[in-house]
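Engineer: Here you go, one structure.
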Amino acid sequence: MRAARLAWDLLRAEGPRGLGARLADRLEELRRRGAERTVSLEELTGKGGPVPVLDVLATPLAPRWGGVSTQFRARMEEEARLRPTALLSPENGRWMLRTSCEGAWRRADLGAWTPGTDPSANPREAIAAIREAVRIVGPRLVNVEGVSGWAPGALLSLAKEGKKLVLSLHDFALFCPRPNLVEEPALRFCGYSRDAGRCRSCLSATFSLPARFVEGWRTSGEELLSSVDAVVYPSDFLRRQHAALFPGSRPRCERVLPPAAPRQGGAAPARREPGTDAHVPLHVAFVGAYRPHKGALAFEELLRKVPANRGRTVRWSILGSGDPALLLRAKRLGAGVVGYYRAGGLTRLLCRERVDVALLLSIWPETFGLTLTECRAAGVPALAFSHGAIGDRVAAEGGGLLVPPEDGPDGVARLLERILSREVVIPPYRGEEAGPSPARAASERGDLYAALLADG
C-alpha cells in the first residue's frame with residue numbers, strides 16, 4: 001500500500017514522463033545486476049589475485065540515492081577498465097561485495113544491512129562488513145566514498161588497524177550527523193553552529209542522542225582527519241571549510257579532485273544562447289532535487305514575487321524530482337513540473353526544454369554541484385546564492401550571477417526582474433571544459449592511489 005501510494009503521489013506531481021524515467025532507471029539497475037555473476041566469497045577475486053583498492057559506499061550504488069552514488073559509478077566504470085576493482089555497498093537489505101577483473105563482474109552476499117537511522121546506533125555490523133571485505137579481497141588501501149552514514153569513531157577504529165585509508169568527503173558529515181547543516185525544525189542553514197544547546201535542539205528534532213554527543217562526534221572527526229592516509233575533497237571550498245571547522249587536524253595528504261559529471265550516451269547537445277525575443281517568455285527552471293534544503297521553499301516564494309516586467313513574462317519549470325506535496329504546491333502556483341530525470345540526462349533536458357536560466361537555490365553551501373556542471377555543458381546560465389562551491393565556481397567560471405544568501409528569494413526576484421528588463425546581462429561561461437571526464441577522474445584517482453601505495 002505504501003509503495004502504491006507513493007507511486008500515485010509521484011504520478012500526480014511529476015506526470016507519466018517522470019514516472020517513466022524512474023522505471024527506466026530501475027530496469028537499468030536490474031540489467032546491470034543481471035550482467036554480474038553471483039559467486040561464493042572464495043571465487044570473488046577469480047584469477048586476478050588480490051585487488052589493490054577496496055571502495056566502500058554507505059548507500060546503494062543507484063542513481064536514486066543521490067549524487068555520491070551517481071558520480072562514483074561514472075568513475076568506477078572507468079577504473080574497472082584500468083585495473084581490478086572491489087566495491088562494498090548495501091543493496092536490498094544486504095551488504096554486497098562486487099569485484100571486476102578484465103571486464104568480468106562478480107558479486108557475493110556479505111550479510112545483513114540495516115539502514116542507519118540513528119547516528120548513535122552501534123556501527124559494529126557495518127564495520128564488520130568492511131573487515132570481512134578486506135579479508136576476502138586483500139586490498140592494500142581502502143577508500144571510503146562519502147562519510148555520511150558512518151560514525152567518525154567507527155572509521156577511526158579502521159584507521160588504526162594498519163590498512164591505508166582514504167576518506168573521500170562530499171559533505172559536512174564529520175562535523176554533524178546532519179551533513180547538509182540545515183537546522184531543524186527551522187529549515188535554515190545553521191552557519192556551522194558550535195552552540196551546544198542549539199545543536200542539541202536541532203538534532204533532537206530527529207534523533208534521540210546522549211548528552212555531549214555532537215561534541216564527541218566532532219572530536220572523533222578531527223582525530224580521523226589526522227589519522228587517515230589521505231583526504232579527498234571535490235572542491236577547494238570544502239577543503240578550506242574543513243580546515244576552519246577542524247583547526248586541530250593535520251591531514252597527511254590532501255587532494256582536491258572534482259568529480260566527473262555522469263553522462264548518457266550519444267552525441268553532446270549543441271550549446272545554446274538564452275532567448276532574447278521580448279515576446280517569448282523567459283524560461284526559468286529550478287534544477288535538481290526539489291526539497292527544502294535545495295531551495296524549494298525559496299522557489300515557491302519566487303513564484304509569488306516575480307511579476308510580468310515590461311511586456312516580458314516568465315515561464316516557470318522544475319527539472320527534478322522531490323517532495324510530491326511541494327511539487328503539487330508549485331504546480332498550483334503556475335510552475336510546470338518535468339520531474340525526475342535519469343543520471344546524466346540533465347544536459348539534454350535543459351536543451352530540449354529550451355531553458356534560458358537555471359536556478360540553483362540551495363540554502364546550504366553545496367560542496368561541488370553536479371547540476372552546475374551539467375548546466376555548463378548545456379550552455380545554460382545559472383542564478384545561485386553566493387556561498388559554497390557553487391558560489392566559488394560561478395565567480396571563477398562565469399556563466400551565471402550570484403545573490404547574497406542573506407538577500408534570500410527577494411534578492412533573486414530583484415535580479416530576475418533586472419534580467420527581464422534587460423538592465424542586467426548574464427556573462428558567458430569562461431573556458432571550454434564542463435568538468436573532468438570519467439576517464440580523467442579515474443586517472444587522477446589512480447595517480448593518488450599509486451603514490452600512496454608507493455610509500456609502503
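Chain labels A, B, ... are given in the sequence in which chains occur in the C-alpha cells; within each chain residues are numbered consecutively from 1, and ligands are likewise numbered from 1 in the order shown.
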List every residue of stretch 80-230 of chain A that DSSP, applied to the backbone of this structure, assigns to helix (DSSP H, G or I), and report them as a ChimeraX atom specification.
Structural biologist: /A:80-82,124-137,152-159,196-204,213-227
Engineer: Quick one: residues within 7 Å of A:Asp109, only C-alpha atoms, excluding same-chain residues fewer than 5 positions away - as an NGL selection string?
Structural biologist: :A and (94-97)
Engineer: Show me, as an mmCIF file with C-alpha atoms, in the first residue's frame, the residues that have an atom within 10 Å of stretch 226-231 of chain A when counting only C-alpha atoms, minus same-chain residues fewer than 2 positions from it.
Structural biologist:
```cif
data_model
loop_
_atom_site.group_PDB
_atom_site.id
_atom_site.type_symbol
_atom_site.label_atom_id
_atom_site.label_comp_id
_atom_site.auth_asym_id
_atom_site.auth_seq_id
_atom_site.Cartn_x
_atom_site.Cartn_y
_atom_site.Cartn_z
ATOM 1 C CA LEU A 141 44.156 0.538 0.506
ATOM 2 C CA VAL A 142 40.527 1.242 1.480
ATOM 3 C CA ASN A 143 38.662 4.269 0.077
ATOM 4 C CA VAL A 144 35.534 5.333 1.956
ATOM 5 C CA LEU A 155 36.006 4.869 10.894
ATOM 6 C CA LEU A 156 38.724 5.939 13.332
ATOM 7 C CA SER A 157 38.942 2.346 14.576
ATOM 8 C CA LEU A 158 39.593 1.235 10.980
ATOM 9 C CA ALA A 159 42.289 3.875 10.534
ATOM 10 C CA LYS A 160 44.195 2.361 13.438
ATOM 11 C CA LYS A 163 45.497 -0.635 6.172
ATOM 12 C CA LYS A 164 45.926 2.582 4.237
ATOM 13 C CA LEU A 165 42.676 4.526 4.472
ATOM 14 C CA VAL A 166 41.404 7.316 2.209
ATOM 15 C CA LEU A 167 38.390 9.488 3.028
ATOM 16 C CA SER A 168 36.546 10.942 0.040
ATOM 17 C CA LEU A 169 34.404 13.698 1.547
ATOM 18 C CA GLY A 221 36.068 13.686 13.236
ATOM 19 C CA GLU A 222 39.096 15.867 13.894
ATOM 20 C CA GLU A 223 41.182 12.898 15.023
ATOM 21 C CA LEU A 224 40.059 10.903 11.988
ATOM 22 C CA TYR A 233 37.661 16.840 -1.488
ATOM 23 C CA ARG A 239 38.924 21.702 1.854
ATOM 24 C CA PHE A 246 38.753 21.265 12.457
ATOM 25 C CA GLY A 248 43.489 20.894 15.199
ATOM 26 C CA SER A 249 43.544 18.359 12.361
ATOM 27 C CA ARG A 250 46.756 17.628 10.477
ATOM 28 C CA PRO A 251 45.902 15.584 7.364
ATOM 29 C CA ARG A 252 48.912 13.686 5.992
ATOM 30 C CA CYS A 253 47.817 14.188 2.373
ATOM 31 C CA GLU A 254 45.019 16.271 0.843
ATOM 32 C CA ARG A 255 43.777 16.351 -2.746
ATOM 33 C CA VAL A 256 41.054 18.345 -4.486
ATOM 34 C CA LEU A 448 46.810 9.296 -5.978
ATOM 35 C CA TYR A 449 46.489 5.633 -5.038
ATOM 36 C CA LEU A 452 50.096 6.318 -1.502
#
```
Engineer: From a DSSP calculation on the backbone, collect every residue of stretch 148-346 of chain A in strand (DSSP E or B) and output the set as a VMD selection string.
Structural biologist: chain A and resid 164 to 168 182 to 183 188 to 189 230 to 233 254 to 256 282 to 287 290 309 312 314 to 319 322 336 to 337
Engineer: Please write the residues from the selection above to a file, keeping C-alpha atoms, as a PDB file, in the first residue's frame.
Structural biologist:
```
ATOM      1  CA  LYS A 164      45.926   2.582   4.237  1.00  0.00           C
ATOM      2  CA  LEU A 165      42.676   4.526   4.472  1.00  0.00           C
ATOM      3  CA  VAL A 166      41.404   7.316   2.209  1.00  0.00           C
ATOM      4  CA  LEU A 167      38.390   9.488   3.028  1.00  0.00           C
ATOM      5  CA  SER A 168      36.546  10.942   0.040  1.00  0.00           C
ATOM      6  CA  VAL A 182      20.146  22.542   7.661  1.00  0.00           C
ATOM      7  CA  GLU A 183      18.731  23.335  11.072  1.00  0.00           C
ATOM      8  CA  ARG A 188      17.662  27.145   7.557  1.00  0.00           C
ATOM      9  CA  PHE A 189      21.414  26.796   7.222  1.00  0.00           C
ATOM     10  CA  ALA A 230      44.665  10.901   2.531  1.00  0.00           C
ATOM     11  CA  VAL A 231      41.577  13.120   2.394  1.00  0.00           C
ATOM     12  CA  VAL A 232      39.970  13.859  -0.976  1.00  0.00           C
ATOM     13  CA  TYR A 233      37.661  16.840  -1.488  1.00  0.00           C
ATOM     14  CA  GLU A 254      45.019  16.271   0.843  1.00  0.00           C
ATOM     15  CA  ARG A 255      43.777  16.351  -2.746  1.00  0.00           C
ATOM     16  CA  VAL A 256      41.054  18.345  -4.486  1.00  0.00           C
ATOM     17  CA  LEU A 282      11.920  33.770 -20.375  1.00  0.00           C
ATOM     18  CA  HIS A 283      12.103  30.102 -19.361  1.00  0.00           C
ATOM     19  CA  VAL A 284      13.400  29.942 -15.780  1.00  0.00           C
ATOM     20  CA  ALA A 285      13.801  26.476 -14.260  1.00  0.00           C
ATOM     21  CA  PHE A 286      14.545  25.238 -10.768  1.00  0.00           C
ATOM     22  CA  VAL A 287      17.110  22.483 -11.351  1.00  0.00           C
ATOM     23  CA  TYR A 290      13.018  19.809  -5.203  1.00  0.00           C
ATOM     24  CA  ASN A 309       8.012  43.008 -16.431  1.00  0.00           C
ATOM     25  CA  ARG A 312       8.026  40.002 -20.967  1.00  0.00           C
ATOM     26  CA  VAL A 314       8.404  34.210 -17.131  1.00  0.00           C
ATOM     27  CA  ARG A 315       7.712  30.566 -17.820  1.00  0.00           C
ATOM     28  CA  TRP A 316       8.487  28.613 -14.647  1.00  0.00           C
ATOM     29  CA  SER A 317       9.574  24.966 -14.552  1.00  0.00           C
ATOM     30  CA  ILE A 318      11.001  22.402 -12.150  1.00  0.00           C
ATOM     31  CA  LEU A 319      13.525  19.964 -13.623  1.00  0.00           C
ATOM     32  CA  GLY A 322      11.487  15.802  -4.920  1.00  0.00           C
ATOM     33  CA  GLY A 336       5.428  23.177 -14.857  1.00  0.00           C
ATOM     34  CA  VAL A 337       6.999  20.038 -13.428  1.00  0.00           C
TER      35      VAL A 337
END
```
Engineer: Sorted by chain and rising residue number, list the residues of stretch 79-110 of chain A at most 9 Å from stretch 43-67 of chain A (counting only C-alpha atoms), each with its closest atom pair and distance in Å to one decimal, as a Markdown table.
Structural biologist:
```
| residue | atom | partner | partner_atom | distance |
| --- | --- | --- | --- | --- |
| A:Arg83 | CA | A:Val51 | CA | 8.5 |
| A:Pro84 | CA | A:Val51 | CA | 5.8 |
| A:Thr85 | CA | A:Val51 | CA | 6.0 |
| A:Ala86 | CA | A:Leu54 | CA | 5.0 |
| A:Leu87 | CA | A:Asp55 | CA | 4.7 |
| A:Leu88 | CA | A:Val56 | CA | 4.9 |
| A:Ser89 | CA | A:Leu57 | CA | 4.9 |
| A:Pro90 | CA | A:Pro60 | CA | 5.0 |
| A:Glu91 | CA | A:Pro60 | CA | 5.3 |
| A:Asn92 | CA | A:Pro60 | CA | 8.3 |
| A:Leu97 | CA | A:Leu44 | CA | 8.3 |
| A:Arg98 | CA | A:Leu44 | CA | 7.5 |
| A:Thr99 | CA | A:Leu44 | CA | 6.4 |
| A:Ser100 | CA | A:Thr45 | CA | 8.0 |
| A:Cys101 | CA | A:Gly48 | CA | 6.4 |
| A:Glu102 | CA | A:Gly48 | CA | 8.5 |
| A:Trp105 | CA | A:Leu44 | CA | 8.9 |
| A:Arg106 | CA | A:Leu44 | CA | 6.0 |
| A:Arg107 | CA | A:Leu44 | CA | 6.8 |
| A:Ala108 | CA | A:Leu44 | CA | 7.1 |
```
Engineer: Tell me, in Å to one decimal, how far atom CA of A:Gly344 is from atom CA of A:Gly20.
Structural biologist: 15.8 Å
Engineer: When you count only C-alpha atoms, which of these residues is closest to A:Gly369: A:Leu181, A:Ala289, A:Ile419, A:Ala451?
Structural biologist: A:Ala289
Engineer: Measuring between only C-alpha atoms, which one of A:Ala450, A:Leu350, A:Ala196, A:Ala173 shows the shortest distance to A:Leu238?
Structural biologist: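 Ranking A:Ala450, A:Leu350, A:Ala196, A:Ala173 by distance to A:Leu238, first place goes to A:Ala173.
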Engineer: What is the atom CA of A:Arg140 to atom CA of A:Asp171 distance in Å?
Structural biologist: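 The value is 25.9 Å.
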Engineer: What does the structure give for the distance between atom CA of A:Arg430 and atom CA of A:Ala377, in Å to one decimal?
Structural biologist: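 Atom CA of A:Arg430 sits 12.0 Å away from atom CA of A:Ala377.
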Engineer: Select, from A:Ala325, A:Trp364, A:Leu349, A:Pro427, the residue with the minimum atom-to-atom distance to A:Leu11, counting only C-alpha atoms.
Structural biologist: A:Ala325
Engineer: Give me the residues near A:Pro409 as a list of chain:residue names, where near means some atom within 10 Å (using only C-alpha atoms) and where sequence neighbours in that chain fewer than 2 positions away do not count.
Structural biologist: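 With the cut-off at 10 Å, the set is A:Gly295, A:Leu297, A:Ala298, A:Phe299, A:Glu300, A:Glu301, A:Leu302, A:Leu303, A:Lys305, A:Val306, A:Leu361, A:Phe385, A:Val403, A:Pro405, A:Glu406, A:Asp407, A:Gly411, A:Val412, A:Ala413, A:Arg414, A:Leu415.
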Engineer: Generate the output file for the selected residues, C-alpha atoms, as a PDB file, in the first residue's frame.
Structural biologist:
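As written to disk, out-v6.pdb reads:
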```pdb
ATOM      1  CA  GLY A 295      15.768  25.779  -2.107  1.00  0.00           C
ATOM      2  CA  LEU A 297      10.654  26.972  -0.422  1.00  0.00           C
ATOM      3  CA  ALA A 298      12.706  29.844  -1.866  1.00  0.00           C
ATOM      4  CA  PHE A 299      11.461  28.934  -5.356  1.00  0.00           C
ATOM      5  CA  GLU A 300       7.896  28.875  -4.062  1.00  0.00           C
ATOM      6  CA  GLU A 301       8.316  32.453  -2.886  1.00  0.00           C
ATOM      7  CA  LEU A 302       9.642  33.438  -6.305  1.00  0.00           C
ATOM      8  CA  LEU A 303       6.503  32.117  -7.953  1.00  0.00           C
ATOM      9  CA  LYS A 305       7.017  37.583  -6.224  1.00  0.00           C
ATOM     10  CA  VAL A 306       8.170  37.937  -9.840  1.00  0.00           C
ATOM     11  CA  LEU A 361      18.931  27.877  -4.802  1.00  0.00           C
ATOM     12  CA  PHE A 385      23.317  32.080  -3.862  1.00  0.00           C
ATOM     13  CA  VAL A 403      22.843  36.659  -4.924  1.00  0.00           C
ATOM     14  CA  PRO A 405      22.307  34.316   0.776  1.00  0.00           C
ATOM     15  CA  GLU A 406      21.004  36.866   3.273  1.00  0.00           C
ATOM     16  CA  ASP A 407      19.002  38.525   0.466  1.00  0.00           C
ATOM     17  CA  GLY A 411      17.248  39.188  -3.894  1.00  0.00           C
ATOM     18  CA  VAL A 412      16.696  36.532  -6.582  1.00  0.00           C
ATOM     19  CA  ALA A 413      13.383  38.143  -7.539  1.00  0.00           C
ATOM     20  CA  ARG A 414      15.022  41.573  -7.917  1.00  0.00           C
ATOM     21  CA  LEU A 415      17.794  40.108 -10.055  1.00  0.00           C
TER      22      LEU A 415
END
```
Engineer: With distances taken over only C-alpha atoms, which residue among A:Gly400, A:Gly391, A:Gly111, A:Gly288 lies nearest A:Ile426?
Structural biologist: A:Gly400
